[in-house]
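K.L.:
This is the structure, below, for whatever I ask next.
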Amino acid sequence: MGAKFDVKVLTRNKVFLAGLIILFTVAVVAVFADAIAPHPYDEMNVSLALRAPQPQFPFGTDQYGRCVFSRVIYGTRIALGVGLVVVLVESLIGVTLGLLAGYYGKKFDKIVMFVTDLTWALPPLVMALAIVTMLGPSLINVVIAIAAVSWAQFARIVRAKTQALKNMPFVEAARAFGEGDLNIILRYILPNVLSPIIVLSTLSLPQAILSTTSLGFLGLGAQPPSPDWGLILSEGKNYIRQAPWISIFPGIALVYTVLGFNLLGEGLREILDPRLKL
Amino acid sequence: MEDALLSVKNLSVVFKTTSGTVQAVDDVSFDVKEGEIFALVGESGCGKSTTAMSIMRLVPKNCTITGGQIIFRGKDLVKLKEKEMSSVRGKEIGMIFQNPLDSLNPVYPVGIQVSEAVLLDRVPRDEAWKKVVEIFKDVKIPDPAERVRSYPHELSGGMRQRVMIAMMLSRNPKLLIADEPTTALDVTIQAQILEIIKDLKDTFGTSILVITHDFGIVAELADRVAVMYAGKIVEIGSVLQIFEKPRHPYTQLLMEALPKITKKQGRLKTIPGSVPNLYELPAGCSFHPRCPKSMEICSKIAPQLKKAGEGHFFLCHREG
Amino acid sequence: MSDLLEYAVRKLIIGAFVVFVVTVVLFCIMQLMPGDPIQLISNPRIPPEKIAELKKHWGLDKPVYVQYFYWLFHILQGDFGTSITTGQKVITLIKARLPYTLLLAGGSLIFQYIIAIPLGLMAAYKEHSIFDSMVVVSTIIFWSIPSFWLGILLILIFSLKLKLLPVSGYDGLSSLILPLMTATLPNLASTLRLTRSEVLEVLREKYVSTAYAKGLSEKRVLIFHVLRNALIPVTLMFFLYLPWTVGGAVIIETIFSWPGMGRLLWTAISSQDFPVVQGIIFIIAILTVVSNIAGDIITACLDPRIRAEIRGES
């Protein structure tokens with residue numbers, strides 16, 4: 001029961017290990033972006049526009065002569081930062097509501113379940129588009145939109161697990177000893193729903209990155225001159241004939257990062273909760 | 001040995017898991033004769049089900065038969081190709097399983113599932129359907145013409161097990177393997193199912209291999225019995241021999257655990273200790289840590305099979 | 001069967017309620033948007049008497065909640081007003097674009113399932129084989145490729161380097177290939193993965209051993225018993241993915257300038273053409289609800305246990 005973290009078991013899982021190595025390199029790039037990037041991400045030099053990759057600009061330059069390599073490096077921070085914030089927000093909302101709905105049941109549960117059904121009334125991307133339309137295009141609004149769309153999955157899984165745990169002997173014993181509801185939820189139930197939460201969080205993170213960059217690509221997320229990978233790709237698309245490198249490298253960085261998280265999540269799922277259905 | 005229908009010789013089966021390999025069946029030999037009911041008894045995890053699944057060649061993928069022979073009517077089943085094996089299954093050897101809800105496909109009516117077996121013998125469709133109703137009658141399912149249209153979840157546990165028996169009976173196999181056929185059922189239903197199995201043997205002359213953990217069922221059904229512990233047969237003989245004078249301490253304990261109606265014993269005895277961890281089998285005799293009669297030698301040297309009477313053998317250092 | 005009908009009706013009522021909530025939210029958004037709603041739904045060059053007429057048409061002289069019902073009454077008849085940017089009726093715009101999106105989404109889903117089901121079945125059947133590992137690894141990789149980048153990559157390779165296919169627009173079947181591939185590949189990965197894991201689960205079931213024990217051939221067991229059961233959740237997923245694929249079309253249609261509803265939605269959002277946005281979101285909400293209900297009913301037809309549950313409820 002509960003999350004088991006055994007270093008040996010973790011490192012024996014090749015999928016997990018591959019994900020871990022990839023993410024380690026991504027994290028290093030994000031942290032040391034200032035040292036790695038040869039240029040600031042917004043340094044323009046129109047006379048150097050659309051240059052092919054060369055020693056000075058390893059990934060070439062864009063239409064304003066900005067260094068694509070530096071922009072990709074700084075973009076790592078946005079991708080990781082946005083991913084982490086989105087998952088933090090959606091898991092906080094989803095886990096809290098899931099725990100309460102599962103534990104208290106009755107009317108509260110019905111309301112929570114209806115609201116989760118509502119968030120699925122539209123396909124996630126369309127729902128996020130609708131919210132961004134309402135709030136206006138910006139990176140923060142994208143974070144809000146995506147968190148608002150995807151908390152429901154956490155709520156659904158945590159609720160189901162809580163319902164099952166609520167009637168377990170050890171929880172009933174705690175209740176018999178006069179423990180308060182809050183105490184029971186935090187000390188007896190939460191530790192036992194931790195493994196699906198961990199797996200789901202790891203697998204939601206790449207989804208969050210993909211969603212933000214998608215909205216960025218549609219011009220509804222991060223605004224220029226932000227080095228958001230989606231935004232770089234959408235700008236690069238207009239120069240796809242003359243300067244394909246603008247379209248290639250940010251995409252590789254994006255796939256590499258997302259792949260890292262997916263591998264990590266799959267590995268964790270195998271280790272912690274092989275039968276978990278998402 | 002001439003009259004042996006099935007002869008398992010020195011069978012060894014190995015499981016590969018992420019935590020290592022396990023010898024689930026270790027050098028097991030026994031015969032099932034024409035027209036007899038043979039019982040394989042032991043606690044869960046002793047390898048009795050794996051032995052049965054090996055005979056059907058239905059072991060899981062991480063499990064391999066590493067040695068021995070399974071001779072059935074002159075053929076070694078271990079060496080058969082998958083295609084040849086599928087013509088043995090059902091036609092010559094049938095098998096029913098422990099939990100009759102899990103063992104029927106939930107999405108098809110039970111009649112369809114039984115007729116599927118009948119149709120394998122190139123019977124025309126309408127005739128096959130009639131035959132299914134007929135067999136349902138044989139296994140005493142009430143309203144057979146109605147019940148063939150029921151889905152598994154609409155039937156009770158006992159009815160489902162009858163359907164399983166009907167399915168396996170439909171092709172008149174020579175041998176029926178029954179893996180814990182009554183475990184998931186309640187007592188009155190158990191008795192009915194055992195009755196049907198006995199009838200089967202009498203009317204069709206089918207040999208039966210029963211896998212069970214319950215000596216009560218052995219006493220009720222079997223002609224001969226083998227007791228398994230940690231992948232090995234520790235005692236084998238006729239039911240009479242073993243009930244009269246069990247030689248192996250493990251058999252003796254199992255017998256004592258039986259509720260005796262004649263002697264007014266207060267409570268059911270249980271065997272101290274637990275089923276051994278197959279990953280770390282004790283040295284010497286695997287049973288010695290739980291054995292009330294263990295000696296010094298038991299923890300060092302594995303015992304050899306000893307003869308106790310005609311066809312009665314046991315695996316112990318003591319004289320029984 | 002009548003139980004199933006009752007179930008469908010119950011689902012429809014819940015679905016109608018969900019759509020109702022969506023319309024309320026859409027209406028509230030319109031109220032929150034800056035400026036007079038008339039300015040939003042009409043062209044500024046329209047003469048004042050026309051505006052007065054429009055005000056009456058939309059009930060703008062009435063209190064807000066009455067306005068809502070006026071508006072609801074109109075959209076239920078397919079009257080979403082006129083586009084701010086083109087002045088055309090929203091419903092005409094959508095009608096012209098919807099077939100292209102359905103062609104793309106439907107085609108992609110069908111391809112996805114035709115490829116995913118046999119591959120998933122084989123991979124699961126040969127679990128841990130080289131083929132299986134290749135399937136697992138490639139699904140994780142394809143999962144990680146966003147459709148917008150995949151689209152760009154395909155354009156780079158097939159249109160610009162190999163000059164095999166048109167870059168964008170709609171110009172016969174050849175221009176369908178790249179958008180279709182872009183829409184199919186990432187989702188193919190998830191469908192394949194789902195099929196594989198469902199088949200693996202069924203393979204562990206006791207009734208599969210029973211099917212073998214009867215003497216059935218391997219092929220018969222795999223198709224009649226294993227696949228038949230594994231297909232239940234896979235089919236349910238089809239109906240869940242259908243609206244998702246339509247939603248995902250926004251990105252793919254934008255990359256390939258595909259003349260579908262997704263691209264229309266994107267241009268409408270970028271130019272704040274709210275009547276169009278509203279109309280499309282309403283259509284997608286209806287599609288989602290209907291598709292989910294269809295999924296539930298078809299699953300009930302495929303699985304007698306679910307039918308029994310439905311009977312128990314009613």
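Please note that chains go A, B, ... in the order of the structure tokens, that every chain numbers its residues from 1, and that ligands are numbered from 1 in the order shown.
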Residues within 9 Å of Tyr7 (chain C), please, as a ChimeraX atom specification. Count only C-alpha atoms; anything in the same chain fewer than 2 positions from it doesn't count.
P.N.:
/C:2-5,9-12,297,310-311,314
K.L.:
Go ahead and save the picked residues with N, CA and C atoms, as a JSON list (two decimals), in the first residue's frame.
P.N.:
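Output (selection-v3.json):
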```
[["chain", "number", "residue", "atom", "x", "y", "z"],
["C", 2, "SER", "N", -36.40, -2.13, -24.81],
["C", 2, "SER", "CA", -37.07, -0.92, -24.32],
["C", 2, "SER", "C", -36.26, -0.31, -23.18],
["C", 3, "ASP", "N", -35.53, -1.18, -22.43],
["C", 3, "ASP", "CA", -34.67, -0.66, -21.38],
["C", 3, "ASP", "C", -33.59, 0.24, -21.96],
["C", 4, "LEU", "N", -33.09, -0.23, -23.10],
["C", 4, "LEU", "CA", -32.02, 0.50, -23.76],
["C", 4, "LEU", "C", -32.53, 1.86, -24.24],
["C", 5, "LEU", "N", -33.78, 1.87, -24.74],
["C", 5, "LEU", "CA", -34.38, 3.11, -25.22],
["C", 5, "LEU", "C", -34.53, 4.09, -24.06],
["C", 9, "VAL", "N", -32.86, 7.75, -23.60],
["C", 9, "VAL", "CA", -33.61, 8.97, -23.30],
["C", 9, "VAL", "C", -33.04, 9.66, -22.06],
["C", 10, "ARG", "N", -32.73, 8.83, -21.04],
["C", 10, "ARG", "CA", -32.15, 9.41, -19.82],
["C", 10, "ARG", "C", -30.85, 10.13, -20.11],
["C", 11, "LYS", "N", -30.01, 9.46, -20.92],
["C", 11, "LYS", "CA", -28.72, 10.06, -21.30],
["C", 11, "LYS", "C", -28.94, 11.36, -22.07],
["C", 12, "LEU", "N", -29.95, 11.35, -22.95],
["C", 12, "LEU", "CA", -30.23, 12.54, -23.75],
["C", 12, "LEU", "C", -30.64, 13.70, -22.87],
["C", 297, "ILE", "N", -24.41, 3.92, -25.76],
["C", 297, "ILE", "CA", -25.43, 2.98, -26.23],
["C", 297, "ILE", "C", -24.80, 1.81, -26.97],
["C", 310, "ILE", "N", -28.02, -1.49, -16.66],
["C", 310, "ILE", "CA", -29.03, -0.50, -17.05],
["C", 310, "ILE", "C", -30.40, -0.97, -16.59],
["C", 311, "ARG", "N", -30.67, -2.26, -16.79],
["C", 311, "ARG", "CA", -31.96, -2.82, -16.38],
["C", 311, "ARG", "C", -32.13, -2.66, -14.87],
["C", 314, "SER", "N", -33.15, 1.00, -14.03],
["C", 314, "SER", "CA", -34.44, 1.56, -14.42],
["C", 314, "SER", "C", -35.59, 0.85, -13.72]]
```
K.L.:
Report as JSON lines: every residue of chain A with an atom at most 7 Å from chain C, its closest pair of atoms, and their distance in Å to one decimal, counting only C-alpha atoms, with rows sorted by chain and ascending residue number.
P.N.:
```
{"residue": "A:Leu118", "atom": "CA", "partner": "C:Val18", "partner_atom": "CA", "distance": 6.4}
{"residue": "A:Ala121", "atom": "CA", "partner": "C:Ala285", "partner_atom": "CA", "distance": 6.0}
{"residue": "A:Leu122", "atom": "CA", "partner": "C:Ala285", "partner_atom": "CA", "distance": 5.4}
{"residue": "A:Pro123", "atom": "CA", "partner": "C:Trp244", "partner_atom": "CA", "distance": 4.9}
{"residue": "A:Leu125", "atom": "CA", "partner": "C:Gly247", "partner_atom": "CA", "distance": 6.1}
{"residue": "A:Val126", "atom": "CA", "partner": "C:Gly247", "partner_atom": "CA", "distance": 5.6}
{"residue": "A:Thr133", "atom": "CA", "partner": "C:Ile269", "partner_atom": "CA", "distance": 6.4}
{"residue": "A:Met134", "atom": "CA", "partner": "C:Ile29", "partner_atom": "CA", "distance": 6.6}
{"residue": "A:Leu210", "atom": "CA", "partner": "C:Pro146", "partner_atom": "CA", "distance": 6.3}
{"residue": "A:Gly251", "atom": "CA", "partner": "C:Trp149", "partner_atom": "CA", "distance": 6.0}
{"residue": "A:Val255", "atom": "CA", "partner": "C:Ile145", "partner_atom": "CA", "distance": 5.5}
{"residue": "A:Val258", "atom": "CA", "partner": "C:Ser144", "partner_atom": "CA", "distance": 5.4}
{"residue": "A:Leu259", "atom": "CA", "partner": "C:Ser144", "partner_atom": "CA", "distance": 5.2}
{"residue": "A:Asn262", "atom": "CA", "partner": "C:Ile140", "partner_atom": "CA", "distance": 6.9}
```
K.L.:
If we count only C-alpha atoms, what is near Ala283 (chain B) at a cut-off of 10 Å, once residues fewer than 5 positions away on the same chain are taken out, given as a ChimeraX atom specification?
P.N.:
/B:288-289,298-302
K.L.:
Could you find all residues in region 136-185 of chain A that DSSP calls alpha helix (DSSP H) from the backbone, and write them as a ChimeraX atom specification?
P.N.:
/A:139-166,169-176,181-183
K.L.:
Mind giving me the straight-line distance from CA of Trp229 (chain A) to CA of Met44 (chain A) in Å, one decimal?
P.N.:
17.5 Å
K.L.:
What are the residues of chain B that have an atom within 6 Å of an atom of chain C, counting only C-alpha atoms, as a list in words?
P.N.:
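Result, ordered by chain then number: Ser86, Ser87, Arg89, Gly90, Asp102, Ser103, Leu104, Asn105, Val107 and Ala117 of chain B.
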